[in-house]
Every structure is written in structure tokens, then in C-alpha cells.
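Step one of this worksheet: look at the structure below.
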Amino acid sequence: MATVVAAVTIPELRSELAGEGTEGTLTISSCETHTKTHYGTHRRSTELKFSCTGNWRADDSKATYEDVVVETSSRFETGAKIPVIQVDDTFEQPQDRDPGDDAAILAFCLSLLAFGIYCLLTGFGARNGPGPGASWQRLPARTVTGPVLGGLFTLGALGALVCALVL
């Protein structure tokens, strides 16, 4: 599972880090408000999102598109001009192309991969399989594989945390 998620995430991360896409300007013609409700264990919160429509023109004036829809975090007045990047067939604001989320997903995949290898080597997590203590005792070459798998898991978890909060 970690390999599949990483295979999907890597091209997007590579695109974001390389700065791929065509920069341009969206001239707003209208904005619609959408609400998204999040239910927690103790409270409910509502997130406000906006879909703004308008005409997009590349900064190099080679391409223009009409009726382009962009998801934004704030409402814009008609006629406002905002920077928007075209990547393939999608249009996004520059701040939505931050690599932090994708890097965090990739780092978390490293933790999942380390845990998956541990489970395969020890039988931990199998139906009627050994518990955590017994499976640790079944780890082959425990003095080497234990610190290696533990280090990879910790590195992935800390990397995901740092990428999600800092980048």
C-alpha cells in the first residue's frame, strides 16, 4: 500500500518542486460560496470555501481560457485579478502548490513500509499471530533489523510531521 501511495505522490511532488506549470492571471467574473462541515468527537466546525470563475490569460500571452474555475480560500470581487497556475488541465493558486503535504505523505509511506516489513518478518498482525513482545523476539537478526526498521519508522514519522507543519 505504501508503494502505491508513493508511486502516485512522487510525480505530483516532482512537479511542485520543479515549478512546472504556466503562470497566468485569472480575472474574476463571479465567486460562489461552499461550506464543508467537519464533525469531531466533541464539536462541529464549518469550513468556508469559494469557487471563483473567470477568464485566465498566461503571463506570456500565448494561451487564454474562458470560464476557468479555481478553488480559493477567500472571496474576490468581480474584476479582481489573481495569480493562477495552469498545470495540465487544472488551474490552481500558487499557494496551493506547496510541496509540504506531498512530502509529508511520502515520508509517512516510509514509516508504513518499515512497519509492513516488520509485520512480514515477524507475523505480527496476522490472525492468531504473536503479540508485540513475542513478535519482537521472532525478528531475525534482532540486533540489526530492529534498529534499522525502528530508525526508518521514526525517520518517516518525524519527516512527515516536519513536512506537514513546516513546509
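Chain lettering (A, B, ...) mirrors the order of the C-alpha cells, residue numbering begins at 1 for each chain separately, and ligand numbering begins at 1 in order of display.
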
Contacts of Cys119 of chain A within 9 Å, only C-alpha atoms, excl. fewer than 6 positions in-chain, as a count of residues only
3

DSSP on the backbone: which residues in chain A end up as strand (DSSP E or B)? Give the answer as JSON, numbers by chain.
{"A": [22, 23, 24, 25, 26, 27, 28, 29, 30, 31, 32, 33, 34, 35, 36, 37, 38, 39, 44, 45, 46, 47, 48, 49, 50, 51, 52, 53, 54, 55, 56, 57, 58, 64, 65, 66, 67, 68, 69, 70, 71, 72, 81, 82, 83, 84, 85, 86, 87, 90, 91, 92]}

Would you save the residues from that selection as a compact mmCIF listing (two decimals), in the first residue's frame, using N, CA and C atoms?
```txt
# COMPACT_ATOMS: atom_id res chain seq x y z
N THR A 22 2.14 26.74 -16.14
CA THR A 22 2.15 28.03 -16.82
C THR A 22 1.53 29.06 -15.90
N GLU A 23 2.29 30.08 -15.58
CA GLU A 23 1.78 31.13 -14.71
C GLU A 23 0.91 32.07 -15.50
N GLY A 24 -0.14 32.55 -14.86
CA GLY A 24 -1.04 33.47 -15.53
C GLY A 24 -1.89 34.22 -14.52
N THR A 25 -2.87 34.95 -15.05
CA THR A 25 -3.74 35.77 -14.23
C THR A 25 -5.19 35.43 -14.53
N LEU A 26 -5.97 35.25 -13.48
CA LEU A 26 -7.40 34.99 -13.61
C LEU A 26 -8.14 36.28 -13.28
N THR A 27 -8.97 36.74 -14.21
CA THR A 27 -9.83 37.89 -13.97
C THR A 27 -11.18 37.35 -13.52
N ILE A 28 -11.54 37.62 -12.28
CA ILE A 28 -12.73 37.05 -11.66
C ILE A 28 -14.00 37.65 -12.27
N SER A 29 -14.94 36.74 -12.62
CA SER A 29 -16.25 37.20 -13.08
C SER A 29 -17.33 36.88 -12.04
N SER A 30 -17.11 35.83 -11.21
CA SER A 30 -18.04 35.51 -10.12
C SER A 30 -17.39 34.55 -9.13
N CYS A 31 -17.91 34.57 -7.90
CA CYS A 31 -17.45 33.65 -6.86
C CYS A 31 -18.66 33.06 -6.15
N GLU A 32 -18.63 31.75 -5.93
CA GLU A 32 -19.70 31.08 -5.20
C GLU A 32 -19.13 30.56 -3.88
N THR A 33 -19.96 30.57 -2.86
CA THR A 33 -19.57 30.12 -1.54
C THR A 33 -20.03 28.68 -1.31
N HIS A 34 -19.14 27.87 -0.74
CA HIS A 34 -19.47 26.49 -0.38
C HIS A 34 -19.07 26.29 1.07
N THR A 35 -19.85 25.54 1.80
CA THR A 35 -19.48 25.20 3.17
C THR A 35 -19.23 23.71 3.27
N LYS A 36 -18.28 23.37 4.10
CA LYS A 36 -17.96 21.97 4.34
C LYS A 36 -17.95 21.77 5.85
N THR A 37 -18.79 20.87 6.33
CA THR A 37 -18.92 20.65 7.77
C THR A 37 -18.04 19.48 8.19
N HIS A 38 -17.27 19.70 9.26
CA HIS A 38 -16.42 18.66 9.84
C HIS A 38 -17.01 18.29 11.20
N TYR A 39 -17.24 17.01 11.40
CA TYR A 39 -17.78 16.54 12.66
C TYR A 39 -16.67 15.91 13.48
N ARG A 44 -18.52 20.48 16.27
CA ARG A 44 -18.68 20.50 14.82
C ARG A 44 -18.10 21.82 14.34
N SER A 45 -17.37 21.79 13.22
CA SER A 45 -16.84 23.02 12.64
C SER A 45 -17.22 23.10 11.16
N THR A 46 -17.34 24.32 10.69
CA THR A 46 -17.71 24.55 9.30
C THR A 46 -16.59 25.31 8.61
N GLU A 47 -16.17 24.80 7.48
CA GLU A 47 -15.11 25.43 6.70
C GLU A 47 -15.75 26.12 5.50
N LEU A 48 -15.34 27.35 5.25
CA LEU A 48 -15.87 28.13 4.15
C LEU A 48 -14.91 28.04 2.96
N LYS A 49 -15.41 27.64 1.81
CA LYS A 49 -14.62 27.55 0.57
C LYS A 49 -15.31 28.37 -0.50
N PHE A 50 -14.54 28.82 -1.47
CA PHE A 50 -15.07 29.61 -2.57
C PHE A 50 -14.62 29.02 -3.90
N SER A 51 -15.51 29.04 -4.87
CA SER A 51 -15.19 28.67 -6.25
C SER A 51 -15.33 29.93 -7.08
N CYS A 52 -14.23 30.41 -7.60
CA CYS A 52 -14.26 31.63 -8.41
C CYS A 52 -14.08 31.27 -9.88
N THR A 53 -14.89 31.90 -10.71
CA THR A 53 -14.88 31.67 -12.15
C THR A 53 -14.42 32.93 -12.85
N GLY A 54 -13.72 32.76 -13.96
CA GLY A 54 -13.28 33.92 -14.72
C GLY A 54 -12.48 33.52 -15.94
N ASN A 55 -11.85 34.51 -16.55
CA ASN A 55 -11.02 34.30 -17.74
C ASN A 55 -9.56 34.29 -17.33
N TRP A 56 -8.83 33.30 -17.83
CA TRP A 56 -7.42 33.15 -17.49
C TRP A 56 -6.56 33.48 -18.69
N ARG A 57 -5.48 34.23 -18.46
CA ARG A 57 -4.53 34.57 -19.52
C ARG A 57 -3.13 34.28 -19.01
N ALA A 58 -2.36 33.56 -19.82
CA ALA A 58 -0.98 33.25 -19.47
C ALA A 58 -0.15 34.53 -19.43
N THR A 64 -5.10 31.57 -23.57
CA THR A 64 -6.20 32.14 -22.78
C THR A 64 -7.31 31.10 -22.68
N TYR A 65 -7.99 31.11 -21.55
CA TYR A 65 -9.12 30.20 -21.33
C TYR A 65 -10.26 31.00 -20.71
N GLU A 66 -11.48 30.66 -21.11
CA GLU A 66 -12.66 31.30 -20.54
C GLU A 66 -13.34 30.33 -19.58
N ASP A 67 -14.07 30.88 -18.64
CA ASP A 67 -14.85 30.11 -17.66
C ASP A 67 -14.00 29.11 -16.89
N VAL A 68 -12.85 29.56 -16.44
CA VAL A 68 -11.97 28.74 -15.62
C VAL A 68 -12.44 28.82 -14.16
N VAL A 69 -12.53 27.67 -13.49
CA VAL A 69 -12.97 27.62 -12.10
C VAL A 69 -11.76 27.30 -11.22
N VAL A 70 -11.57 28.11 -10.17
CA VAL A 70 -10.46 27.93 -9.23
C VAL A 70 -11.03 27.93 -7.82
N GLU A 71 -10.61 26.95 -7.02
CA GLU A 71 -10.99 26.90 -5.61
C GLU A 71 -10.10 27.87 -4.84
N THR A 72 -10.71 28.73 -4.05
CA THR A 72 -9.95 29.72 -3.28
C THR A 72 -10.38 29.67 -1.82
N LYS A 81 -8.04 40.56 -10.11
CA LYS A 81 -7.07 39.74 -10.82
C LYS A 81 -6.23 39.00 -9.80
N ILE A 82 -6.17 37.66 -9.93
CA ILE A 82 -5.39 36.85 -9.00
C ILE A 82 -4.44 35.95 -9.80
N PRO A 83 -3.25 35.67 -9.23
CA PRO A 83 -2.31 34.77 -9.91
C PRO A 83 -2.81 33.33 -9.84
N VAL A 84 -2.77 32.64 -10.98
CA VAL A 84 -3.22 31.26 -11.07
C VAL A 84 -2.25 30.51 -11.98
N ILE A 85 -1.92 29.28 -11.61
CA ILE A 85 -1.00 28.45 -12.40
C ILE A 85 -1.80 27.34 -13.06
N GLN A 86 -1.54 27.14 -14.36
CA GLN A 86 -2.15 26.03 -15.10
C GLN A 86 -1.17 24.87 -15.13
N VAL A 87 -1.61 23.73 -14.63
CA VAL A 87 -0.81 22.50 -14.67
C VAL A 87 -1.69 21.45 -15.32
N THR A 90 -5.64 21.52 -15.08
CA THR A 90 -6.17 22.12 -13.85
C THR A 90 -5.57 23.50 -13.63
N PHE A 91 -6.29 24.29 -12.87
CA PHE A 91 -5.84 25.64 -12.52
C PHE A 91 -5.82 25.75 -11.01
N GLU A 92 -4.70 26.25 -10.46
CA GLU A 92 -4.53 26.34 -9.01
C GLU A 92 -3.86 27.65 -8.65
```

What does the distance from atom CA of Asp98 of chain A to atom CA of Val4 of chain A come to in Å, to one decimal?
21.6 Å

Per-residue nearest contacts segment 72-131 of chain A to segment 136-140 of chain A, cut-off 9 Å, using only C-alpha atoms, as a tab-separated table:
```
residue	atom	partner	partner_atom	distance
A:Tyr118	CA	A:Leu139	CA	7.7
A:Leu121	CA	A:Leu139	CA	6.3
A:Thr122	CA	A:Leu139	CA	5.4
A:Gly123	CA	A:Arg138	CA	8.4
A:Phe124	CA	A:Trp136	CA	8.6
A:Pro130	CA	A:Arg138	CA	9.0
A:Gly131	CA	A:Trp136	CA	8.5
```

Spatial neighbours of Asp101 of chain A, max dist 12 Å, only C-alpha atoms, sep filter under 3 positions, as a PDB file with C-alpha atoms, in the first residue's frame:
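Saved result, result-v5.pdb, follows:
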```pdb
ATOM      1  CA  THR A   9       2.617  11.077  -4.857  1.00  0.00           C
ATOM      2  CA  ILE A  10       6.120  11.257  -6.362  1.00  0.00           C
ATOM      3  CA  GLU A  12       2.995  15.406  -8.120  1.00  0.00           C
ATOM      4  CA  LEU A  13       5.797  16.281  -5.692  1.00  0.00           C
ATOM      5  CA  GLU A  16       5.636  21.037  -7.478  1.00  0.00           C
ATOM      6  CA  GLN A  95      -0.006  28.701  -2.521  1.00  0.00           C
ATOM      7  CA  ASP A  96      -1.979  25.504  -3.226  1.00  0.00           C
ATOM      8  CA  ARG A  97       1.079  24.003  -4.942  1.00  0.00           C
ATOM      9  CA  ASP A  98       3.195  23.871  -1.794  1.00  0.00           C
ATOM     10  CA  ALA A 104       4.625  14.507   4.322  1.00  0.00           C
ATOM     11  CA  ILE A 105       2.686  11.741   2.561  1.00  0.00           C
ATOM     12  CA  LEU A 106       5.903  10.370   1.092  1.00  0.00           C
ATOM     13  CA  ALA A 107       7.658  10.417   4.483  1.00  0.00           C
ATOM     14  CA  PHE A 108       4.671   8.682   6.100  1.00  0.00           C
ATOM     15  CA  GLY A 159       9.766  13.618   8.477  1.00  0.00           C
ATOM     16  CA  ALA A 160       6.008  13.560   7.901  1.00  0.00           C
ATOM     17  CA  LEU A 161       5.440  15.724  10.949  1.00  0.00           C
ATOM     18  CA  VAL A 162       8.079  18.261   9.938  1.00  0.00           C
ATOM     19  CA  CYS A 163       6.890  18.426   6.325  1.00  0.00           C
ATOM     20  CA  ALA A 164       3.258  18.845   7.332  1.00  0.00           C
ATOM     21  CA  LEU A 165       3.948  21.593   9.856  1.00  0.00           C
ATOM     22  CA  VAL A 166       6.912  23.468   8.364  1.00  0.00           C
ATOM     23  CA  LEU A 167       6.715  23.255   4.574  1.00  0.00           C
TER      24      LEU A 167
END
```

Would you write out, as a tab-separated table, a table of all residues in segment 99-131 of chain A that have an atom no more than 7 Å from an atom of segment 147-152 of chain A, listing for each the closest atom pair and the distance in Å to one decimal, considering only C-alpha atoms and ordering rows by chain and rising residue number?
```
residue	atom	partner	partner_atom	distance
A:Leu110	CA	A:Leu152	CA	6.8
A:Ser111	CA	A:Leu152	CA	6.3
A:Ala114	CA	A:Leu149	CA	5.4
```

Could you give me, as an MDAnalysis selection string, each residue of segment 7-167 of chain A that DSSP assigns to alpha helix (DSSP H) when run on this structure's backbone?
chainID A and resid 7:18 100:122 132:137 142:166

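Distances here use only C-alpha atoms; by that measure, the residue among A:Ala103, A:Leu155, A:Ala63, A:Ala80 closest to Val8 of chain A is A:Ala103.
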
Give me, please, the distance in Å between atom CA of Met1 of chain A and atom CA of Leu120 of chain A, quoted to one decimal.
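Taking atom CA of Met1 of chain A and atom CA of Leu120 of chain A, their separation equals 13.5 Å.
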
I'd like the interatomic distance between atom CA of Phe153 of chain A and atom CA of Ala134 of chain A, to a tenth of an Å.
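So the answer is 19.5 Å.
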